[in-house]
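Have a look at the structure below, then the notes.
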Amino acid sequence: SHWWGDPVMALRECMRQHSADRKLDRAAAYWMSGFALGQHGAGRDTPGGIESAFRKAMAKAKGTLAVVDPEANSYTRIWCCCEILAAIAARSQSAGEHRHDTYTVLEGGGAVGLADGLAEVDRDDPARKASRELRFPLALAELVLRKVAVEVAEASEPEDRRRLLNAIAGEPDSEAGPPREHERYEEANHQL
């Protein structure tokens, strides 16, 4: 998951570092919903549907990568929030086999990530992991915590926002106006 307002080169740098940290071979692939799914109009799907193409991709993935822009705008976008929530659900349904990592670009260049568990580059050494992840900007993590609020998250299309909020709230009528407050919104915010 990533925010489309972030430069593509930042996404590329995070994917490059993630691949190196996880020691993925050259045949490893990254599936990106923004390229694979039509998010607007005919064929649109919501991450809340159990049969959605998004959930099917999550079920086949060995892990997921969230790229956080320096302003944490990804956590103000409803699609990004729903993608991350689906990744968290995939992890819990896989008994920890599915890994969800979070990466960001660094101000001086390069990227750093918070790995779910030990990354292969850590060589089973928690101290190596801690040392590697120490470069992740603490101010960015704090900013994410301040910005997470799915109930006010935005979408380019108002109908997407309505459908995704209804999916989070478990509302059966995806076309109805979503509730302004819901206990599932709070649960989602806590998970994010």
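Every chain in the structure tokens has a letter given in the order shown (A, B, ...), and although residue numbers restart at 1 in each chain, ligands are simply numbered from 1 in the order shown.
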Going by DSSP on the backbone, which bits of stretch 6-138 of chain A are strand (DSSP E)? Write them as a list of chain:residue names, please.
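Selecting the strand (DSSP E) positions of stretch 6-138 of chain A gives A:Gly63, A:Thr64, A:Leu65, A:Ala66, A:Val67, A:Arg99, A:His100, A:Asp101, A:Thr102, A:Tyr103, A:Thr104, A:Val105, A:Ala111, A:Val112, A:Gly113, A:Leu114.
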Just-selected residues, N, CA, C and O atoms written as a PDB file, in the first residue's frame:
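Writing the result to again-v6.pdb gives the following:
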ATOM      1  N   GLY A  63       3.572 -11.825   1.929  1.00  0.00           N
ATOM      2  CA  GLY A  63       3.708 -10.663   2.792  1.00  0.00           C
ATOM      3  C   GLY A  63       3.211  -9.422   2.097  1.00  0.00           C
ATOM      4  O   GLY A  63       2.884  -9.450   0.920  1.00  0.00           O
ATOM      5  N   THR A  64       3.146  -8.344   2.850  1.00  0.00           N
ATOM      6  CA  THR A  64       2.704  -7.073   2.298  1.00  0.00           C
ATOM      7  C   THR A  64       3.657  -5.971   2.738  1.00  0.00           C
ATOM      8  O   THR A  64       4.344  -6.088   3.752  1.00  0.00           O
ATOM      9  N   LEU A  65       3.666  -4.925   1.945  1.00  0.00           N
ATOM     10  CA  LEU A  65       4.538  -3.785   2.190  1.00  0.00           C
ATOM     11  C   LEU A  65       3.699  -2.518   2.179  1.00  0.00           C
ATOM     12  O   LEU A  65       2.988  -2.246   1.216  1.00  0.00           O
ATOM     13  N   ALA A  66       3.768  -1.763   3.259  1.00  0.00           N
ATOM     14  CA  ALA A  66       3.141  -0.440   3.318  1.00  0.00           C
ATOM     15  C   ALA A  66       4.256   0.589   3.225  1.00  0.00           C
ATOM     16  O   ALA A  66       5.235   0.509   3.965  1.00  0.00           O
ATOM     17  N   VAL A  67       4.108   1.532   2.310  1.00  0.00           N
ATOM     18  CA  VAL A  67       5.079   2.605   2.158  1.00  0.00           C
ATOM     19  C   VAL A  67       4.442   3.867   2.721  1.00  0.00           C
ATOM     20  O   VAL A  67       3.383   4.292   2.266  1.00  0.00           O
ATOM     21  N   ARG A  99       3.706 -11.801   6.450  1.00  0.00           N
ATOM     22  CA  ARG A  99       4.434 -10.699   7.093  1.00  0.00           C
ATOM     23  C   ARG A  99       3.953  -9.357   6.536  1.00  0.00           C
ATOM     24  O   ARG A  99       3.712  -9.237   5.346  1.00  0.00           O
ATOM     25  N   HIS A 100       3.820  -8.374   7.418  1.00  0.00           N
ATOM     26  CA  HIS A 100       3.431  -7.026   6.993  1.00  0.00           C
ATOM     27  C   HIS A 100       4.517  -6.056   7.438  1.00  0.00           C
ATOM     28  O   HIS A 100       4.705  -5.815   8.631  1.00  0.00           O
ATOM     29  N   ASP A 101       5.252  -5.508   6.478  1.00  0.00           N
ATOM     30  CA  ASP A 101       6.357  -4.598   6.748  1.00  0.00           C
ATOM     31  C   ASP A 101       5.976  -3.178   6.358  1.00  0.00           C
ATOM     32  O   ASP A 101       5.188  -2.973   5.435  1.00  0.00           O
ATOM     33  N   THR A 102       6.569  -2.196   7.039  1.00  0.00           N
ATOM     34  CA  THR A 102       6.312  -0.787   6.776  1.00  0.00           C
ATOM     35  C   THR A 102       7.636  -0.079   6.506  1.00  0.00           C
ATOM     36  O   THR A 102       8.554  -0.176   7.317  1.00  0.00           O
ATOM     37  N   TYR A 103       7.716   0.601   5.371  1.00  0.00           N
ATOM     38  CA  TYR A 103       8.952   1.286   4.956  1.00  0.00           C
ATOM     39  C   TYR A 103       8.678   2.741   4.637  1.00  0.00           C
ATOM     40  O   TYR A 103       7.558   3.121   4.324  1.00  0.00           O
ATOM     41  N   THR A 104       9.740   3.537   4.701  1.00  0.00           N
ATOM     42  CA  THR A 104       9.678   4.942   4.319  1.00  0.00           C
ATOM     43  C   THR A 104      11.023   5.358   3.747  1.00  0.00           C
ATOM     44  O   THR A 104      12.038   4.706   4.000  1.00  0.00           O
ATOM     45  N   VAL A 105      11.004   6.424   2.961  1.00  0.00           N
ATOM     46  CA  VAL A 105      12.261   6.976   2.447  1.00  0.00           C
ATOM     47  C   VAL A 105      12.855   7.885   3.516  1.00  0.00           C
ATOM     48  O   VAL A 105      12.134   8.468   4.325  1.00  0.00           O
ATOM     49  N   ALA A 111      16.157   4.191   2.152  1.00  0.00           N
ATOM     50  CA  ALA A 111      14.887   3.842   2.790  1.00  0.00           C
ATOM     51  C   ALA A 111      15.174   2.950   3.984  1.00  0.00           C
ATOM     52  O   ALA A 111      16.228   2.314   4.072  1.00  0.00           O
ATOM     53  N   VAL A 112      14.219   2.904   4.889  1.00  0.00           N
ATOM     54  CA  VAL A 112      14.337   2.047   6.064  1.00  0.00           C
ATOM     55  C   VAL A 112      12.954   1.492   6.365  1.00  0.00           C
ATOM     56  O   VAL A 112      11.944   2.132   6.088  1.00  0.00           O
ATOM     57  N   GLY A 113      12.939   0.295   6.941  1.00  0.00           N
ATOM     58  CA  GLY A 113      11.658  -0.313   7.233  1.00  0.00           C
ATOM     59  C   GLY A 113      11.579  -0.921   8.612  1.00  0.00           C
ATOM     60  O   GLY A 113      12.597  -1.241   9.235  1.00  0.00           O
ATOM     61  N   LEU A 114      10.350  -1.072   9.058  1.00  0.00           N
ATOM     62  CA  LEU A 114      10.034  -1.813  10.268  1.00  0.00           C
ATOM     63  C   LEU A 114       9.522  -3.168   9.804  1.00  0.00           C
ATOM     64  O   LEU A 114       8.457  -3.256   9.196  1.00  0.00           O
TER      65      LEU A 114
END
I'd like the contact shell of A:Arg16 - 12 Å cut-off, only C-alpha atoms, skipping same-chain residues fewer than 2 positions apart - returned as a PyMOL selection string.
chain A and resi 9-14+18-26+28-30+65+67+103-105+110-113
Find the residues around A:Ala130 up to 12 Å (only C-alpha atoms counted), leave out those fewer than 3 positions away in its own chain, and share them as a PDB file with C-alpha atoms, in the first residue's frame.
ATOM      1  CA  VAL A 112      14.337   2.047   6.064  1.00  0.00           C
ATOM      2  CA  GLY A 113      11.658  -0.313   7.233  1.00  0.00           C
ATOM      3  CA  LEU A 114      10.034  -1.813  10.268  1.00  0.00           C
ATOM      4  CA  ALA A 115       9.948  -5.543   9.590  1.00  0.00           C
ATOM      5  CA  GLY A 117       9.539 -10.175  12.879  1.00  0.00           C
ATOM      6  CA  LEU A 118      13.161 -10.583  11.887  1.00  0.00           C
ATOM      7  CA  ALA A 119      14.076  -9.783   8.291  1.00  0.00           C
ATOM      8  CA  VAL A 121      19.170  -9.438   6.645  1.00  0.00           C
ATOM      9  CA  ASP A 122      18.947  -9.499  10.467  1.00  0.00           C
ATOM     10  CA  ASP A 124      18.178 -14.158  13.429  1.00  0.00           C
ATOM     11  CA  ASP A 125      19.717 -11.465  15.622  1.00  0.00           C
ATOM     12  CA  PRO A 126      17.237  -9.142  17.378  1.00  0.00           C
ATOM     13  CA  ALA A 127      20.076  -6.677  18.078  1.00  0.00           C
ATOM     14  CA  GLU A 133      15.228  -0.139  12.446  1.00  0.00           C
ATOM     15  CA  LEU A 134      16.642   2.617  14.659  1.00  0.00           C
ATOM     16  CA  ARG A 135      16.937   4.746  11.505  1.00  0.00           C
ATOM     17  CA  PHE A 136      13.125   4.740  11.076  1.00  0.00           C
TER      18      PHE A 136
END
Check the DSSP output for the backbone and give back, as an MDAnalysis selection string, the residues of stretch 13-183 of chain A in helix (DSSP H, G or I).
chainID A and resid 13:22 33:36 53:60 73:76 78:93 120:122 126:133 138:147 150:152 158:169 183
Hey, can you check how far atom CA of A:Gly34 sits from atom CA of A:Ile168?
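Taking atom CA of A:Gly34 and atom CA of A:Ile168, their separation equals 19.8 Å.
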10 Å contact set for A:Arg146, only C-alpha atoms, chain neighbours under 4 positions out, as a count of residues only
5
What's around stretch 148-165 of chain A at 6 Å? Count only C-alpha atoms, leave out sequence neighbours fewer than 2 positions away in its own chain, and write the answer as a PyMOL selection string.
chain A and resi 75-78+145-146+167-168+174+178+189
Would you save the residues from that selection as an mmCIF file, in the first residue's frame, using N, CA, C and O atoms?
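Writing done, so here's selection.cif:
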data_model
loop_
_atom_site.group_PDB
_atom_site.id
_atom_site.type_symbol
_atom_site.label_atom_id
_atom_site.label_comp_id
_atom_site.auth_asym_id
_atom_site.auth_seq_id
_atom_site.Cartn_x
_atom_site.Cartn_y
_atom_site.Cartn_z
ATOM 1 N N TYR A 75 -2.027 7.498 5.670
ATOM 2 C CA TYR A 75 -2.969 7.157 6.739
ATOM 3 C C TYR A 75 -4.174 8.089 6.789
ATOM 4 O O TYR A 75 -5.020 7.957 7.666
ATOM 5 N N THR A 76 -4.253 9.019 5.852
ATOM 6 C CA THR A 76 -5.441 9.866 5.735
ATOM 7 C C THR A 76 -6.283 9.459 4.531
ATOM 8 O O THR A 76 -7.291 10.104 4.240
ATOM 9 N N ARG A 77 -5.870 8.413 3.829
ATOM 10 C CA ARG A 77 -6.553 7.940 2.619
ATOM 11 C C ARG A 77 -7.265 6.625 2.936
ATOM 12 O O ARG A 77 -6.645 5.673 3.412
ATOM 13 N N ILE A 78 -8.553 6.552 2.661
ATOM 14 C CA ILE A 78 -9.356 5.386 3.034
ATOM 15 C C ILE A 78 -8.902 4.115 2.318
ATOM 16 O O ILE A 78 -8.888 3.042 2.912
ATOM 17 N N LEU A 145 0.421 7.984 14.242
ATOM 18 C CA LEU A 145 -0.510 7.783 15.363
ATOM 19 C C LEU A 145 -1.476 8.951 15.512
ATOM 20 O O LEU A 145 -2.637 8.758 15.863
ATOM 21 N N ARG A 146 -1.010 10.157 15.219
ATOM 22 C CA ARG A 146 -1.890 11.334 15.309
ATOM 23 C C ARG A 146 -2.880 11.410 14.151
ATOM 24 O O ARG A 146 -3.977 11.936 14.300
ATOM 25 N N ALA A 167 -18.028 -0.922 4.689
ATOM 26 C CA ALA A 167 -17.368 -2.236 4.803
ATOM 27 C C ALA A 167 -16.673 -2.360 6.157
ATOM 28 O O ALA A 167 -16.784 -3.393 6.827
ATOM 29 N N ILE A 168 -15.976 -1.317 6.581
ATOM 30 C CA ILE A 168 -15.311 -1.352 7.891
ATOM 31 C C ILE A 168 -16.334 -1.511 9.005
ATOM 32 O O ILE A 168 -16.153 -2.295 9.931
ATOM 33 N N SER A 174 -24.006 -1.246 1.278
ATOM 34 C CA SER A 174 -22.823 -0.443 0.958
ATOM 35 C C SER A 174 -23.174 0.900 0.338
ATOM 36 O O SER A 174 -22.343 1.792 0.284
ATOM 37 N N PRO A 178 -22.609 6.058 5.414
ATOM 38 C CA PRO A 178 -21.927 5.367 6.513
ATOM 39 C C PRO A 178 -22.183 6.067 7.848
ATOM 40 O O PRO A 178 -22.412 7.281 7.886
ATOM 41 N N ASN A 189 -8.866 1.888 13.760
ATOM 42 C CA ASN A 189 -7.847 2.885 14.107
ATOM 43 C C ASN A 189 -6.790 2.275 15.028
ATOM 44 O O ASN A 189 -5.603 2.528 14.878
#
Counting only C-alpha atoms, the residue of A:Leu106, A:Arg180, A:Lys60, A:Arg55 that sits nearest A:Leu85:
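Closest candidate: A:Arg55.
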Point-to-point distance from atom CA of A:Val144 to atom CA of A:Trp31, Å rounded to tenths:
24.1 Å
For atom CA of A:Ser92 and atom CA of A:Ala139, the interatomic separation in Å (one decimal):
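Between these atoms lies a distance of 27.7 Å.
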